[in-house]
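Shown next: structure_36.txt, given as compact mmCIF, C-alpha atoms and all ligand atoms.
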# COMPACT_ATOMS: atom_id res chain seq x y z
CA MET A 1484 -0.88 -52.26 52.13
CA SER A 1485 -1.99 -52.95 48.58
CA GLU A 1486 -5.43 -54.23 47.65
CA TYR A 1487 -4.09 -57.40 46.02
CA LYS A 1488 -1.15 -59.56 46.97
CA LEU A 1489 0.38 -62.11 44.60
CA PHE A 1490 2.64 -64.93 45.74
CA CYS A 1491 4.98 -65.27 42.79
CA PHE A 1492 8.50 -65.46 41.40
CA LYS A 1493 9.85 -64.10 38.17
CA GLU A 1494 10.76 -67.39 36.49
CA SER A 1495 7.17 -68.60 36.77
CA GLY A 1496 5.10 -68.18 33.64
CA ASN A 1497 2.04 -69.12 35.66
CA ALA A 1498 2.68 -66.34 38.16
CA TYR A 1499 3.38 -64.00 35.25
CA LYS A 1500 -0.11 -64.58 33.85
CA ALA A 1501 -1.59 -63.28 37.11
CA GLY A 1502 0.93 -60.45 37.51
CA LEU A 1503 0.43 -59.32 33.91
CA MET A 1504 -3.35 -59.31 34.35
CA LEU A 1505 -3.06 -57.22 37.54
CA GLU A 1506 -0.82 -54.79 35.72
CA LEU A 1507 -2.97 -54.57 32.58
CA CYS A 1508 -6.02 -53.93 34.78
CA GLY A 1509 -4.21 -51.17 36.67
CA ALA A 1510 -4.72 -53.00 39.98
CA ASP A 1511 -3.19 -51.84 43.24
CA TRP A 1512 -1.03 -54.91 43.96
CA GLN A 1513 2.14 -56.10 45.54
CA ALA A 1514 4.28 -59.12 44.94
CA GLU A 1515 5.24 -61.58 47.67
CA TRP A 1516 8.35 -63.43 46.49
CA VAL A 1517 8.22 -67.22 46.76
CA ASP A 1518 11.62 -68.90 47.05
CA PHE A 1519 10.67 -71.70 44.65
CA PHE A 1520 14.23 -72.78 43.85
CA ASN A 1521 14.89 -73.49 47.52
CA GLY A 1522 11.71 -75.54 47.83
CA ALA A 1523 9.45 -72.96 49.49
CA THR A 1524 6.29 -74.22 47.76
CA ARG A 1525 6.89 -77.74 49.08
CA THR A 1526 7.14 -76.84 52.75
CA ASP A 1527 4.39 -77.79 55.18
CA ASP A 1528 4.14 -74.18 56.20
CA TYR A 1529 3.46 -73.02 52.63
CA LYS A 1530 0.92 -75.78 52.07
CA GLU A 1531 -0.85 -74.99 55.33
CA SER A 1532 -0.80 -71.22 55.20
CA VAL A 1533 -0.68 -70.33 51.49
CA ASN A 1534 -1.68 -73.11 49.10
CA GLU A 1535 -2.48 -76.73 49.86
CA MET A 1536 -1.53 -77.54 46.25
CA GLY A 1537 2.04 -76.43 46.89
CA GLU A 1538 2.13 -74.05 43.94
CA ALA A 1539 2.51 -70.42 42.96
CA PRO A 1540 0.76 -68.21 41.96
CA VAL A 1541 -1.63 -67.43 44.78
CA LEU A 1542 -3.73 -64.27 44.82
CA ILE A 1543 -4.93 -62.69 48.05
CA HIS A 1544 -7.74 -60.15 47.91
CA GLY A 1545 -9.29 -59.40 51.28
CA ASP A 1546 -10.71 -62.68 52.51
CA VAL A 1547 -10.39 -64.28 49.11
CA LYS A 1548 -7.43 -66.57 48.48
CA LEU A 1549 -7.12 -68.19 45.06
CA SER A 1550 -4.64 -70.42 43.31
CA GLN A 1551 -4.63 -71.71 39.71
CA SER A 1552 -3.73 -69.00 37.23
CA GLY A 1553 -6.85 -69.64 35.14
CA VAL A 1554 -9.09 -69.04 38.14
CA ILE A 1555 -7.12 -65.96 39.16
CA LEU A 1556 -7.48 -64.57 35.63
CA GLN A 1557 -11.22 -65.20 35.69
CA TYR A 1558 -11.56 -63.58 39.13
CA LEU A 1559 -9.68 -60.46 38.04
CA SER A 1560 -11.59 -60.30 34.77
CA ASP A 1561 -14.84 -60.32 36.76
CA ARG A 1562 -13.60 -57.69 39.22
CA PHE A 1563 -12.23 -55.28 36.62
CA ASP A 1564 -14.58 -56.12 33.78
CA ARG A 1565 -11.57 -56.49 31.47
CA PHE A 1566 -10.38 -59.20 29.08
CA GLY A 1567 -13.58 -61.19 29.36
CA PRO A 1568 -15.62 -62.78 26.56
CA ARG A 1569 -18.00 -60.58 24.63
CA ASP A 1570 -20.75 -63.16 24.23
CA GLU A 1571 -21.77 -66.69 25.11
CA ALA A 1572 -19.86 -68.32 22.25
CA GLU A 1573 -16.69 -66.44 23.16
CA LYS A 1574 -17.08 -67.49 26.79
CA TYR A 1575 -16.62 -71.12 25.79
CA GLU A 1576 -13.74 -70.26 23.46
CA VAL A 1577 -11.96 -68.51 26.32
CA LEU A 1578 -12.46 -71.55 28.54
CA ARG A 1579 -11.44 -73.98 25.80
CA TRP A 1580 -8.15 -72.20 25.11
CA THR A 1581 -7.39 -71.59 28.77
CA LEU A 1582 -7.79 -75.30 29.47
CA PHE A 1583 -5.67 -76.16 26.43
CA ASP A 1584 -3.02 -73.81 27.76
CA ASN A 1585 -3.06 -75.28 31.26
CA HIS A 1586 -3.03 -78.88 30.16
CA LYS A 1587 -0.82 -78.74 27.09
CA LEU A 1588 1.00 -75.55 26.22
CA THR A 1589 2.04 -74.31 29.65
CA SER A 1590 2.57 -77.66 31.29
CA TYR A 1591 4.80 -79.09 28.55
CA THR A 1592 6.64 -75.84 27.94
CA GLY A 1593 7.17 -75.16 31.65
CA THR A 1594 8.35 -78.70 32.29
CA TYR A 1595 10.68 -78.76 29.28
CA ARG A 1596 12.12 -75.38 30.23
CA PHE A 1597 12.66 -76.50 33.82
CA LEU A 1598 14.39 -79.73 32.78
CA SER A 1599 16.59 -78.17 30.14
CA ARG A 1600 17.50 -75.06 32.11
CA TRP A 1601 17.59 -76.08 35.75
CA ALA A 1602 17.94 -79.88 35.75
CA PRO A 1603 20.90 -80.55 33.46
CA SER A 1604 21.25 -84.16 34.61
CA ALA A 1605 17.66 -85.01 33.63
CA ASP A 1606 17.26 -87.99 31.31
CA GLN A 1607 17.59 -86.91 27.67
CA ALA A 1608 14.71 -89.15 26.60
CA VAL A 1609 12.45 -87.39 29.09
CA LYS A 1610 13.58 -84.00 27.82
CA ASP A 1611 12.99 -85.09 24.22
CA PHE A 1612 9.49 -86.25 25.11
CA PHE A 1613 8.54 -82.93 26.69
CA HIS A 1614 10.18 -80.99 23.86
CA ALA A 1615 8.10 -82.84 21.28
CA ARG A 1616 4.91 -82.26 23.26
CA MET A 1617 5.80 -78.57 23.65
CA ILE A 1618 6.33 -78.19 19.90
CA GLY A 1619 3.02 -79.95 19.29
CA ALA A 1620 1.15 -77.45 21.49
CA TRP A 1621 2.96 -74.48 19.97
CA THR A 1622 2.01 -75.73 16.50
CA VAL A 1623 -1.67 -75.79 17.47
CA LEU A 1624 -1.43 -72.16 18.64
CA GLU A 1625 0.55 -71.10 15.57
CA LYS A 1626 -2.17 -72.50 13.32
CA ARG A 1627 -4.96 -70.92 15.39
CA LEU A 1628 -3.34 -67.52 14.92
CA GLU A 1629 -3.01 -67.88 11.14
CA ASP A 1630 -5.96 -65.61 10.42
CA ARG A 1631 -6.79 -64.07 13.80
CA SER A 1632 -5.37 -61.33 15.96
CA PHE A 1633 -6.25 -62.97 19.27
CA VAL A 1634 -7.02 -66.50 20.36
CA ALA A 1635 -10.67 -66.45 21.43
CA GLY A 1636 -12.18 -63.28 19.99
CA SER A 1637 -11.24 -60.21 18.02
CA GLU A 1638 -9.93 -58.51 21.17
CA PRO A 1639 -7.49 -59.85 23.78
CA THR A 1640 -9.01 -62.02 26.51
CA ILE A 1641 -7.73 -63.90 29.52
CA ALA A 1642 -7.13 -66.84 27.17
CA ASP A 1643 -4.40 -64.81 25.45
CA ILE A 1644 -2.97 -63.78 28.82
CA SER A 1645 -2.89 -67.41 29.88
CA LEU A 1646 -1.33 -68.74 26.69
CA CYS A 1647 1.38 -66.10 26.48
CA GLY A 1648 2.71 -66.80 29.98
CA TYR A 1649 5.61 -69.02 29.01
CA LEU A 1650 6.10 -67.73 25.48
CA PHE A 1651 8.05 -64.69 26.57
CA PHE A 1652 10.71 -67.21 27.64
CA ARG A 1653 10.98 -68.69 24.13
CA ASP A 1654 14.67 -67.98 23.80
CA GLU A 1655 15.31 -70.07 26.93
CA VAL A 1656 13.98 -73.20 25.25
CA GLY A 1657 16.06 -72.70 22.13
CA GLU A 1658 13.25 -71.58 19.86
CA ASP A 1659 13.67 -68.91 17.23
CA ALA A 1660 10.89 -66.31 16.95
CA ALA A 1661 11.21 -66.34 13.16
CA ASP A 1662 10.07 -69.98 13.05
CA TRP A 1663 6.75 -69.03 14.71
CA PRO A 1664 5.59 -65.98 12.71
CA ASN A 1665 1.91 -65.95 13.72
CA THR A 1666 2.74 -66.48 17.38
CA THR A 1667 5.45 -63.82 17.20
CA ALA A 1668 3.05 -61.26 15.69
CA TRP A 1669 0.46 -62.10 18.38
CA LEU A 1670 3.07 -61.68 21.15
CA GLU A 1671 3.89 -58.28 19.68
CA ARG A 1672 0.19 -57.36 19.93
CA ILE A 1673 0.19 -58.42 23.58
CA LYS A 1674 3.38 -56.45 24.20
CA ALA A 1675 1.64 -53.37 22.80
CA LEU A 1676 -1.09 -53.49 25.48
CA PRO A 1677 -0.71 -50.55 27.91
CA GLY A 1678 0.99 -51.78 31.07
CA TRP A 1679 2.76 -54.78 29.51
CA SER A 1680 6.16 -55.75 30.81
CA HIS A 1681 8.38 -58.81 30.55
CA PRO A 1682 8.14 -61.33 33.43
CA TYR A 1683 11.72 -60.66 34.51
CA ASP A 1684 10.88 -56.97 34.86
CA LEU A 1685 7.47 -57.46 36.46
CA LEU A 1686 8.00 -60.11 39.14
CA PRO A 1687 10.54 -60.42 41.95
CA GLY A 1688 13.40 -62.89 42.02
CA GLY A 1689 16.03 -64.04 44.42
CA PRO A 1690 19.80 -63.91 44.36
CA GLY A 1691 21.21 -66.23 41.73
CA ASP A 1692 17.90 -66.82 39.98
CA ALA A 1693 17.45 -66.55 36.22
N1 LIG A 1701 -2.03 -75.03 36.99
C1 LIG A 1701 -1.30 -74.18 37.91
C2 LIG A 1701 0.16 -74.52 37.83
C3 LIG A 1701 0.95 -73.81 38.89
C4 LIG A 1701 2.38 -74.33 38.95
O1 LIG A 1701 2.71 -75.44 38.51
N2 LIG A 1701 3.24 -73.51 39.53
C5 LIG A 1701 4.62 -73.89 39.66
C6 LIG A 1701 5.50 -72.69 39.41
S1 LIG A 1701 5.35 -72.15 37.74
C7 LIG A 1701 4.86 -74.37 41.08
O2 LIG A 1701 4.59 -73.63 42.00
N3 LIG A 1701 5.35 -75.59 41.24
C8 LIG A 1701 5.67 -76.11 42.52
C9 LIG A 1701 6.02 -77.56 42.49
O3 LIG A 1701 5.73 -78.20 41.48
O4 LIG A 1701 6.56 -78.02 43.46
C10 LIG A 1701 -1.59 -72.72 37.57
O5 LIG A 1701 -1.98 -72.44 36.44
O6 LIG A 1701 -1.44 -71.87 38.44
Since I need it in another form, could you write the structure as structure tokens?
Amino acid sequence: MSEYKLFCFKESGNAYKAGLMLELCGADWQAEWVDFFNGATRTDDYKESVNEMGEAPVLIHGDVKLSQSGVILQYLSDRFDRFGPRDEAEKYEVLRWTLFDNHKLTSYTGTYRFLSRWAPSADQAVKDFFHARMIGAWTVLEKRLEDRSFVAGSEPTIADISLCGYLFFRDEVGEDAADWPNTTAWLERIKALPGWSHPYDLLPGGPGDA
């Protein structure tokens, strides 16, 4: 039995954030596959026994059970003393960019990807709306990375791990890496971290998934 257990599935950028952090920290962890595409997160059983919010990821560590990728990242950063802020100012930068990621970058990108990839009959106007919002968030990040190696400080933090979660799926939303040079260079820096792997290689999936 591993020290940490992560409820996850490989198409989830949110679960990837947690899985990547566990891996980068060298944690002893195991994945518990969640059958998202067959509605597992919406069952009463899942809500009662795993996460009342009906979402993955969920991290189990002894008696501790946490959802929300940003909270999981913070918890692991505290446990392993890795990828945290280096001073008070950086602490607020990490929080600021993690919240921006959760509200804007991940939520619009994840929703647009879901609609365009797995809900082909979705209303085109809805898809266009989410696409425009996604591009808006990506543009903010691209500009932020114009003259910096990492988002919050000079070294990678959990803000970078949060923001990159869905960006390794860029090809799935029809975006060309060459059009996002600063973001692409930053993703290469993240890929160079010891222990990095792509979400499809890191997390489990089910038959017929992506
Ligand atoms: N803010 C949450 C978002 C989690 C989330 O939306 N997870 C998706 C999978 S990527 C999910 O489980 N959705 C279930 C549903 O919407 O029914 C986090 O950062 O963990």
For atom CA of A:Pro1639 and atom CA of A:Phe1566, determine how far apart the two atoms are, in Å to one decimal place. 6.1 Å
Using only C-alpha atoms and all ligand atoms, I'd like a table of the residues in chain A that come within 10 Å of ligand LIG 1701 (chain A); for each, show the closest atom pair and its distance in Å rounded to one decimal, ordered by chain and ascending number, as a tab-separated table.
residue	atom	partner	partner_atom	distance
A:Phe1490	CA	A:LIG1701	O2	9.7
A:Cys1491	CA	A:LIG1701	C6	8.2
A:Phe1492	CA	A:LIG1701	C6	8.1
A:Lys1493	CA	A:LIG1701	S1	9.2
A:Glu1494	CA	A:LIG1701	S1	7.3
A:Ser1495	CA	A:LIG1701	S1	4.1
A:Gly1496	CA	A:LIG1701	S1	5.7
A:Asn1497	CA	A:LIG1701	S1	4.9
A:Ala1498	CA	A:LIG1701	S1	6.4
A:Tyr1499	CA	A:LIG1701	S1	8.7
A:Lys1500	CA	A:LIG1701	O5	8.5
A:Ala1501	CA	A:LIG1701	O6	8.7
A:Val1517	CA	A:LIG1701	O2	8.8
A:Asp1518	CA	A:LIG1701	O2	9.9
A:Phe1519	CA	A:LIG1701	O2	6.9
A:Phe1520	CA	A:LIG1701	C8	9.3
A:Gly1522	CA	A:LIG1701	O4	7.2
A:Ala1523	CA	A:LIG1701	O4	8.4
A:Thr1524	CA	A:LIG1701	C8	5.6
A:Arg1525	CA	A:LIG1701	O4	5.6
A:Thr1526	CA	A:LIG1701	O4	9.4
A:Asn1534	CA	A:LIG1701	O2	9.5
A:Met1536	CA	A:LIG1701	C8	8.2
A:Gly1537	CA	A:LIG1701	C8	5.7
A:Glu1538	CA	A:LIG1701	O2	3.2
A:Ala1539	CA	A:LIG1701	O2	3.9
A:Pro1540	CA	A:LIG1701	O6	5.5
A:Val1541	CA	A:LIG1701	O6	7.7
A:Leu1549	CA	A:LIG1701	O6	9.5
A:Ser1550	CA	A:LIG1701	O6	6.0
A:Gln1551	CA	A:LIG1701	O6	3.4
A:Ser1552	CA	A:LIG1701	O6	3.9
A:Gly1553	CA	A:LIG1701	O5	5.8
A:Val1554	CA	A:LIG1701	O5	8.1
A:Ile1555	CA	A:LIG1701	O6	8.2
A:Leu1556	CA	A:LIG1701	O5	9.6
A:Thr1581	CA	A:LIG1701	O5	9.4
A:Leu1582	CA	A:LIG1701	N1	9.5
A:Asp1584	CA	A:LIG1701	O5	8.8
A:Asn1585	CA	A:LIG1701	N1	5.8
A:His1586	CA	A:LIG1701	N1	7.9
A:Thr1589	CA	A:LIG1701	O5	8.1
A:Ser1590	CA	A:LIG1701	O1	7.6
A:Gly1593	CA	A:LIG1701	S1	7.0
A:Thr1594	CA	A:LIG1701	O1	9.0
A:Phe1597	CA	A:LIG1701	S1	9.4
A:Ser1645	CA	A:LIG1701	O5	8.3
A:Gly1648	CA	A:LIG1701	O5	9.8
A:Tyr1649	CA	A:LIG1701	S1	9.3
Write out the residues from the selection above, keeping C-alpha atoms, as a PDB file, keeping the file's coordinate frame.
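What ended up in out25.pdb:
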ATOM      1  CA  PHE A1490       2.640 -64.930  45.740  1.00  0.00           C
ATOM      2  CA  CYS A1491       4.980 -65.270  42.790  1.00  0.00           C
ATOM      3  CA  PHE A1492       8.500 -65.460  41.400  1.00  0.00           C
ATOM      4  CA  LYS A1493       9.850 -64.100  38.170  1.00  0.00           C
ATOM      5  CA  GLU A1494      10.760 -67.390  36.490  1.00  0.00           C
ATOM      6  CA  SER A1495       7.170 -68.600  36.770  1.00  0.00           C
ATOM      7  CA  GLY A1496       5.100 -68.180  33.640  1.00  0.00           C
ATOM      8  CA  ASN A1497       2.040 -69.120  35.660  1.00  0.00           C
ATOM      9  CA  ALA A1498       2.680 -66.340  38.160  1.00  0.00           C
ATOM     10  CA  TYR A1499       3.380 -64.000  35.250  1.00  0.00           C
ATOM     11  CA  LYS A1500      -0.110 -64.580  33.850  1.00  0.00           C
ATOM     12  CA  ALA A1501      -1.590 -63.280  37.110  1.00  0.00           C
ATOM     13  CA  VAL A1517       8.220 -67.220  46.760  1.00  0.00           C
ATOM     14  CA  ASP A1518      11.620 -68.900  47.050  1.00  0.00           C
ATOM     15  CA  PHE A1519      10.670 -71.700  44.650  1.00  0.00           C
ATOM     16  CA  PHE A1520      14.230 -72.780  43.850  1.00  0.00           C
ATOM     17  CA  GLY A1522      11.710 -75.540  47.830  1.00  0.00           C
ATOM     18  CA  ALA A1523       9.450 -72.960  49.490  1.00  0.00           C
ATOM     19  CA  THR A1524       6.290 -74.220  47.760  1.00  0.00           C
ATOM     20  CA  ARG A1525       6.890 -77.740  49.080  1.00  0.00           C
ATOM     21  CA  THR A1526       7.140 -76.840  52.750  1.00  0.00           C
ATOM     22  CA  ASN A1534      -1.680 -73.110  49.100  1.00  0.00           C
ATOM     23  CA  MET A1536      -1.530 -77.540  46.250  1.00  0.00           C
ATOM     24  CA  GLY A1537       2.040 -76.430  46.890  1.00  0.00           C
ATOM     25  CA  GLU A1538       2.130 -74.050  43.940  1.00  0.00           C
ATOM     26  CA  ALA A1539       2.510 -70.420  42.960  1.00  0.00           C
ATOM     27  CA  PRO A1540       0.760 -68.210  41.960  1.00  0.00           C
ATOM     28  CA  VAL A1541      -1.630 -67.430  44.780  1.00  0.00           C
ATOM     29  CA  LEU A1549      -7.120 -68.190  45.060  1.00  0.00           C
ATOM     30  CA  SER A1550      -4.640 -70.420  43.310  1.00  0.00           C
ATOM     31  CA  GLN A1551      -4.630 -71.710  39.710  1.00  0.00           C
ATOM     32  CA  SER A1552      -3.730 -69.000  37.230  1.00  0.00           C
ATOM     33  CA  GLY A1553      -6.850 -69.640  35.140  1.00  0.00           C
ATOM     34  CA  VAL A1554      -9.090 -69.040  38.140  1.00  0.00           C
ATOM     35  CA  ILE A1555      -7.120 -65.960  39.160  1.00  0.00           C
ATOM     36  CA  LEU A1556      -7.480 -64.570  35.630  1.00  0.00           C
ATOM     37  CA  THR A1581      -7.390 -71.590  28.770  1.00  0.00           C
ATOM     38  CA  LEU A1582      -7.790 -75.300  29.470  1.00  0.00           C
ATOM     39  CA  ASP A1584      -3.020 -73.810  27.760  1.00  0.00           C
ATOM     40  CA  ASN A1585      -3.060 -75.280  31.260  1.00  0.00           C
ATOM     41  CA  HIS A1586      -3.030 -78.880  30.160  1.00  0.00           C
ATOM     42  CA  THR A1589       2.040 -74.310  29.650  1.00  0.00           C
ATOM     43  CA  SER A1590       2.570 -77.660  31.290  1.00  0.00           C
ATOM     44  CA  GLY A1593       7.170 -75.160  31.650  1.00  0.00           C
ATOM     45  CA  THR A1594       8.350 -78.700  32.290  1.00  0.00           C
ATOM     46  CA  PHE A1597      12.660 -76.500  33.820  1.00  0.00           C
ATOM     47  CA  SER A1645      -2.890 -67.410  29.880  1.00  0.00           C
ATOM     48  CA  GLY A1648       2.710 -66.800  29.980  1.00  0.00           C
ATOM     49  CA  TYR A1649       5.610 -69.020  29.010  1.00  0.00           C
TER      50      TYR A1649
END
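Using only C-alpha atoms, the nearest neighbour of A:Arg1631 within the list A:Arg1616, A:Arg1653, A:Trp1669, A:Ser1599 is A:Trp1669.
Interatomic distance, atom CA of A:Leu1507 to atom CA of A:His1544: 17.0 Å.
Relative to atom CA of A:Leu1598, atom CA of A:Leu1686 is found at 21.6 Å.
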For a cutoff of 12 Å around the file-coordinate point (12.1, -82.3, 30.3), which residues qualify once you count all atoms listed in the file? I'd like the result as an MDAnalysis selection string. chainID A and resid 1590:1617 1656
Nearest to A:Leu1489 among A:Leu1676, A:Leu1505, A:Leu1542, A:Val1533, with distances taken over all atoms listed in the file: which residue is it? A:Leu1542
